[in-house]
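Have a look at the structure below before the remarks.
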Amino acid sequence: MKIVPSKKMSLFTPAIFGDLKNHAKQQEAKGMKMIDLSLGSPDLPPHAKIREHLSYRAGLAESYGYTLTGTQRFYEAVSRYYKRRSNVDLDPASEIIQTIGSQEGLVHLPIAFCDPGDIVLSTNPAYVAYDAGIHLAGATPYYMPQTADNDYLPDLDAVPEEIAQKAKLLILNLPGNPVPAMPSIAYFEKVIAFAKKYNIIILHDAAYSEFYFTGDGPISFLATPGAKEVGMEINSLSKSFSLAGTRIAYIAGNAEMISILKQLKSNLDFGIFEPIQDAAVVALDNAEEITADLRATFSERHKTLMNGLHTLGWDAAPSEGGMFVWAKYPYDIDCTELAFKLIEQAGIVTVPGTVFGSAGQGYLRLALVQPNEMLQEAVDRLAQVQLAPQKS
């Protein structure tokens, strides 16, 4: 029997993460101690309140049926969270939909709004799920530049008029992955004006919104006047609440858009395990306490790695939040080749910039997912790396 994949499968190339892990294991077998800064998976455990409630609910016999959708308790908790943290009013019944993690939501969302050939505005570099969703819908990506001149914010002014006129969807991610650029209400106001002018749906990926190191609170796209007229915000409990393995997230915003997503989702899944939903309620209702500790930890890690890389001559993109450092290295070498050499020479696992797009050549992404002392050790090891410097 001859098995032939669909033509669309050519758009979904295997991720490099497995190859990096395997290479790291080979070096570990030779005695090299690894410092893994690759995946953005939180190393901090969920708060005890969350774990205890999840354990209790999982022990109840009645917890094992289909949920079909998000529970009312979950939607009301999201609504309370937005009101407390960002002063945003959300109707739990019509302006929120639950997704099985933000990855699932991001990949499926373009199907609901884009036809084959429609243009989706994204960035290069960007989180890999964006392109996956765009390709699945048969849409065409157009990449907005992110440069230091624009504080690494996606440059709307660089989008040609003919592209803007044809665009159906705009995906933003602030603070970002891999580039941890920070949003502002002023920038979001510009985005909303752009969306209204060209009739473009906005999706803001707020997965790292609680990872801010200055200011009094997260900056939500939905807190900007007019935001719910043009778009939505997707957020996950994976990062802020260390619930990556539970796979629970939500999309909030424009009620008509949410209704369309509900129609799509009703054909895709039967909901999330109810104890996970109830644990998420505990997380959201205790967000201030839980995320304060998170920010204190990651702020210190951020300082350690940023200062260390700058001392070594790396050009790390300045940031005031996020879970990653996006750094231009000072060596004359392809970024993928460098990632494997750093595993061999220094025992450090990173992600080559081109994983996130062609503009990532010359960069590595480093995740702040190790204790402070391990990040300092990583800097010390990098100081011993023997590679040719970049040509002047």
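Chain labels follow the order of the structure tokens: the first chain is A, the next B, and so on; residue numbering restarts at 1 in every chain, and ligands are counted from 1 in their shown order.
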Test item: residues at most 12 Å from Ser86 of chain A, only C-alpha atoms, excluding those fewer than 4 positions along its chain, as a list in words: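 Listed by chain and then number, they are Val78, Ser79, Arg80, Tyr81, Tyr82, Leu90, Ile185, Ser209, Glu210, Asp216, Gly217, Pro218, Ile219, Ser220, Phe221, Leu222, Ala223, Thr224 and Glu288 of chain A.
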Polymer residues at most 6 Å from Ala327 of chain A, only C-alpha atoms, same-chain spacing of 5 or more positions, as number ranges by chain: A: 315-316, 363-364
Could you please take those selected residues and save all heavy atoms as a JSON list (two decimals), in the first residue's frame?
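Result written to part.json:
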```json
[["chain", "number", "residue", "atom", "x", "y", "z"],
["A", 315, "ASP", "N", 23.85, 41.01, 21.60],
["A", 315, "ASP", "CA", 22.93, 42.15, 21.48],
["A", 315, "ASP", "C", 21.50, 41.66, 21.75],
["A", 315, "ASP", "O", 20.77, 41.32, 20.83],
["A", 315, "ASP", "CB", 23.03, 42.77, 20.09],
["A", 315, "ASP", "CG", 22.20, 44.04, 19.95],
["A", 315, "ASP", "OD1", 21.73, 44.54, 20.99],
["A", 315, "ASP", "OD2", 21.99, 44.50, 18.81],
["A", 316, "ALA", "N", 21.14, 41.62, 23.02],
["A", 316, "ALA", "CA", 19.81, 41.13, 23.39],
["A", 316, "ALA", "C", 18.79, 42.25, 23.26],
["A", 316, "ALA", "O", 19.02, 43.38, 23.71],
["A", 316, "ALA", "CB", 19.83, 40.60, 24.83],
["A", 363, "TYR", "N", 20.11, 34.99, 15.37],
["A", 363, "TYR", "CA", 19.57, 35.13, 16.72],
["A", 363, "TYR", "C", 19.35, 33.75, 17.36],
["A", 363, "TYR", "O", 19.17, 32.74, 16.67],
["A", 363, "TYR", "CB", 18.22, 35.86, 16.70],
["A", 363, "TYR", "CG", 18.29, 37.32, 16.35],
["A", 363, "TYR", "CD1", 18.37, 37.72, 15.01],
["A", 363, "TYR", "CD2", 18.28, 38.30, 17.34],
["A", 363, "TYR", "CE1", 18.43, 39.07, 14.68],
["A", 363, "TYR", "CE2", 18.33, 39.64, 17.01],
["A", 363, "TYR", "CZ", 18.40, 40.02, 15.69],
["A", 363, "TYR", "OH", 18.46, 41.35, 15.35],
["A", 364, "LEU", "N", 19.32, 33.75, 18.68],
["A", 364, "LEU", "CA", 18.88, 32.61, 19.46],
["A", 364, "LEU", "C", 17.80, 33.07, 20.42],
["A", 364, "LEU", "O", 17.84, 34.20, 20.90],
["A", 364, "LEU", "CB", 20.02, 31.98, 20.26],
["A", 364, "LEU", "CG", 21.17, 31.33, 19.50],
["A", 364, "LEU", "CD1", 22.20, 30.80, 20.49],
["A", 364, "LEU", "CD2", 20.68, 30.20, 18.60]]
```
Best match for closeness to Trp314 of chain A among A:Phe298, A:Ala383, A:Leu261, A:Ala292, counting only C-alpha atoms: A:Ala383
Residue neighbourhood segment 54-62 of chain A, 12 Å, only C-alpha atoms, exclusion window fewer than 4 positions, as a list in words: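 Using only C-alpha atoms, the neighbours found are Pro46, His47, Ala48, Lys49, Ile50, Tyr66, Thr67, Leu243, Thr246, Phe273, Glu274, Pro275, Ile276, Gln277, Asp278, Ala279, Ala280, Val281, Val282 and Ala283 of chain A.
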Test item: residues at most 6 Å from segment 164-179 of chain A, only C-alpha atoms, excluding those fewer than 4 positions along its chain, as a list in words: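 Skipping anything fewer than 4 positions along the chain leaves Ile119, Val120, Leu121, Ser122, Tyr127, Pro183, Tyr198, Ile200, Ile201, Ile202, Leu203, His204, Asp205, Tyr208, Gly322 and Trp326 of chain A.
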Distance in Å - atom CA of Leu37 of chain A versus atom CA of Val369 of chain A: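 Value for the atom CA of Leu37 of chain A-atom CA of Val369 of chain A distance: 6.3 Å.
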Best match for closeness to Glu377 of chain A among A:Ala249, A:Tyr142, A:Ile348, A:Glu28, counting only C-alpha atoms: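 Using only C-alpha atoms, Glu377 of chain A sits closest to A:Ile348.
One distance worth recording is that between atom CA of Ala207 of chain A and atom CA of Gln103 of chain A, which is 10.2 Å.
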DSSP-assigned helix (DSSP H, G or I) members of segment 207-357 of chain A, reported as a VMD selection string: chain A and resid 221 to 223 227 to 230 237 to 240 244 to 246 255 to 265 274 to 285 287 to 311 335 to 346 353 to 356
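The closest residue to Leu338 of chain A, picked from A:Pro318, A:Gly362, A:Pro154, A:Gly357 and counting only C-alpha atoms, is A:Gly362.
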Strand (DSSP E or B) call set, DSSP backbone run, segment 230-288 of chain A, as a PyMOL selection string: chain A and resi 231-236+249-253
Residue selection dump (all heavy atoms) as a PDB file, in the first residue's frame:
```
ATOM      1  N   GLY A 231     -11.986  43.087  17.772  1.00  0.00           N
ATOM      2  CA  GLY A 231     -11.181  41.909  17.981  1.00  0.00           C
ATOM      3  C   GLY A 231     -11.334  41.177  19.280  1.00  0.00           C
ATOM      4  O   GLY A 231     -12.297  41.383  20.055  1.00  0.00           O
ATOM      5  N   MET A 232     -10.338  40.322  19.520  1.00  0.00           N
ATOM      6  CA  MET A 232     -10.354  39.383  20.630  1.00  0.00           C
ATOM      7  C   MET A 232      -8.960  39.269  21.234  1.00  0.00           C
ATOM      8  O   MET A 232      -7.967  39.676  20.627  1.00  0.00           O
ATOM      9  CB  MET A 232     -10.784  37.997  20.136  1.00  0.00           C
ATOM     10  CG  MET A 232     -12.140  37.940  19.468  1.00  0.00           C
ATOM     11  SD  MET A 232     -12.331  36.415  18.483  1.00  0.00           S
ATOM     12  CE  MET A 232     -11.302  36.821  17.053  1.00  0.00           C
ATOM     13  N   GLU A 233      -8.918  38.654  22.407  1.00  0.00           N
ATOM     14  CA  GLU A 233      -7.655  38.363  23.080  1.00  0.00           C
ATOM     15  C   GLU A 233      -7.685  36.901  23.515  1.00  0.00           C
ATOM     16  O   GLU A 233      -8.672  36.436  24.093  1.00  0.00           O
ATOM     17  CB  GLU A 233      -7.492  39.284  24.292  1.00  0.00           C
ATOM     18  CG  GLU A 233      -6.127  39.227  24.941  1.00  0.00           C
ATOM     19  CD  GLU A 233      -5.884  40.462  25.810  1.00  0.00           C
ATOM     20  OE1 GLU A 233      -6.511  40.570  26.884  1.00  0.00           O
ATOM     21  OE2 GLU A 233      -5.081  41.321  25.398  1.00  0.00           O
ATOM     22  N   ILE A 234      -6.600  36.185  23.242  1.00  0.00           N
ATOM     23  CA  ILE A 234      -6.476  34.800  23.684  1.00  0.00           C
ATOM     24  C   ILE A 234      -5.450  34.731  24.800  1.00  0.00           C
ATOM     25  O   ILE A 234      -4.406  35.391  24.738  1.00  0.00           O
ATOM     26  CB  ILE A 234      -6.100  33.853  22.517  1.00  0.00           C
ATOM     27  CG1 ILE A 234      -6.078  32.387  22.990  1.00  0.00           C
ATOM     28  CG2 ILE A 234      -4.778  34.244  21.876  1.00  0.00           C
ATOM     29  CD1 ILE A 234      -5.987  31.390  21.847  1.00  0.00           C
ATOM     30  N   ASN A 235      -5.778  33.997  25.837  1.00  0.00           N
ATOM     31  CA  ASN A 235      -4.861  33.870  26.972  1.00  0.00           C
ATOM     32  C   ASN A 235      -4.916  32.451  27.492  1.00  0.00           C
ATOM     33  O   ASN A 235      -5.950  31.791  27.439  1.00  0.00           O
ATOM     34  CB  ASN A 235      -5.211  34.859  28.082  1.00  0.00           C
ATOM     35  CG  ASN A 235      -4.023  35.176  28.974  1.00  0.00           C
ATOM     36  OD1 ASN A 235      -3.012  34.478  28.947  1.00  0.00           O
ATOM     37  ND2 ASN A 235      -4.135  36.232  29.759  1.00  0.00           N
ATOM     38  N   SER A 236      -3.793  32.011  28.000  1.00  0.00           N
ATOM     39  CA  SER A 236      -3.645  30.647  28.485  1.00  0.00           C
ATOM     40  C   SER A 236      -3.257  30.669  29.950  1.00  0.00           C
ATOM     41  O   SER A 236      -2.641  31.615  30.435  1.00  0.00           O
ATOM     42  CB  SER A 236      -2.548  29.949  27.660  1.00  0.00           C
ATOM     43  OG  SER A 236      -2.114  28.770  28.296  1.00  0.00           O
ATOM     44  N   ALA A 249      -7.284  27.287  28.161  1.00  0.00           N
ATOM     45  CA  ALA A 249      -7.117  28.687  27.762  1.00  0.00           C
ATOM     46  C   ALA A 249      -8.492  29.234  27.396  1.00  0.00           C
ATOM     47  O   ALA A 249      -9.514  28.549  27.521  1.00  0.00           O
ATOM     48  CB  ALA A 249      -6.152  28.796  26.578  1.00  0.00           C
ATOM     49  N   TYR A 250      -8.512  30.476  26.931  1.00  0.00           N
ATOM     50  CA  TYR A 250      -9.785  31.088  26.544  1.00  0.00           C
ATOM     51  C   TYR A 250      -9.523  32.201  25.545  1.00  0.00           C
ATOM     52  O   TYR A 250      -8.423  32.752  25.451  1.00  0.00           O
ATOM     53  CB  TYR A 250     -10.519  31.651  27.770  1.00  0.00           C
ATOM     54  CG  TYR A 250      -9.700  32.648  28.555  1.00  0.00           C
ATOM     55  CD1 TYR A 250      -9.653  33.992  28.191  1.00  0.00           C
ATOM     56  CD2 TYR A 250      -8.940  32.233  29.640  1.00  0.00           C
ATOM     57  CE1 TYR A 250      -8.882  34.892  28.893  1.00  0.00           C
ATOM     58  CE2 TYR A 250      -8.165  33.126  30.356  1.00  0.00           C
ATOM     59  CZ  TYR A 250      -8.133  34.463  29.975  1.00  0.00           C
ATOM     60  OH  TYR A 250      -7.351  35.355  30.665  1.00  0.00           O
ATOM     61  N   ILE A 251     -10.555  32.510  24.772  1.00  0.00           N
ATOM     62  CA  ILE A 251     -10.559  33.668  23.884  1.00  0.00           C
ATOM     63  C   ILE A 251     -11.691  34.570  24.345  1.00  0.00           C
ATOM     64  O   ILE A 251     -12.809  34.094  24.605  1.00  0.00           O
ATOM     65  CB  ILE A 251     -10.763  33.263  22.414  1.00  0.00           C
ATOM     66  CG1 ILE A 251      -9.688  32.257  21.985  1.00  0.00           C
ATOM     67  CG2 ILE A 251     -10.711  34.502  21.506  1.00  0.00           C
ATOM     68  CD1 ILE A 251      -9.918  31.685  20.593  1.00  0.00           C
ATOM     69  N   ALA A 252     -11.427  35.859  24.470  1.00  0.00           N
ATOM     70  CA  ALA A 252     -12.427  36.813  24.953  1.00  0.00           C
ATOM     71  C   ALA A 252     -12.476  38.022  24.030  1.00  0.00           C
ATOM     72  O   ALA A 252     -11.476  38.405  23.422  1.00  0.00           O
ATOM     73  CB  ALA A 252     -12.093  37.259  26.379  1.00  0.00           C
ATOM     74  N   GLY A 253     -13.668  38.625  23.936  1.00  0.00           N
ATOM     75  CA  GLY A 253     -13.789  39.845  23.141  1.00  0.00           C
ATOM     76  C   GLY A 253     -15.111  39.941  22.418  1.00  0.00           C
ATOM     77  O   GLY A 253     -16.171  39.639  22.979  1.00  0.00           O
TER      78      GLY A 253
END
```
Separation of atom CA of Arg295 of chain A from atom CA of Leu382 of chain A in Å: 25.8 Å
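Restricting the calculation to only C-alpha atoms, the smallest distance between Leu237 of chain A and any of A:Asn267, A:Thr291, A:Thr71, A:Ser63 is found for A:Thr291.
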Nearest to Phe324 of chain A by atom-to-atom distance, counting only C-alpha atoms, from A:Leu342, A:Leu109, A:Ala148, A:Leu39: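 Closest to Phe324 of chain A, using only C-alpha atoms: A:Leu39.
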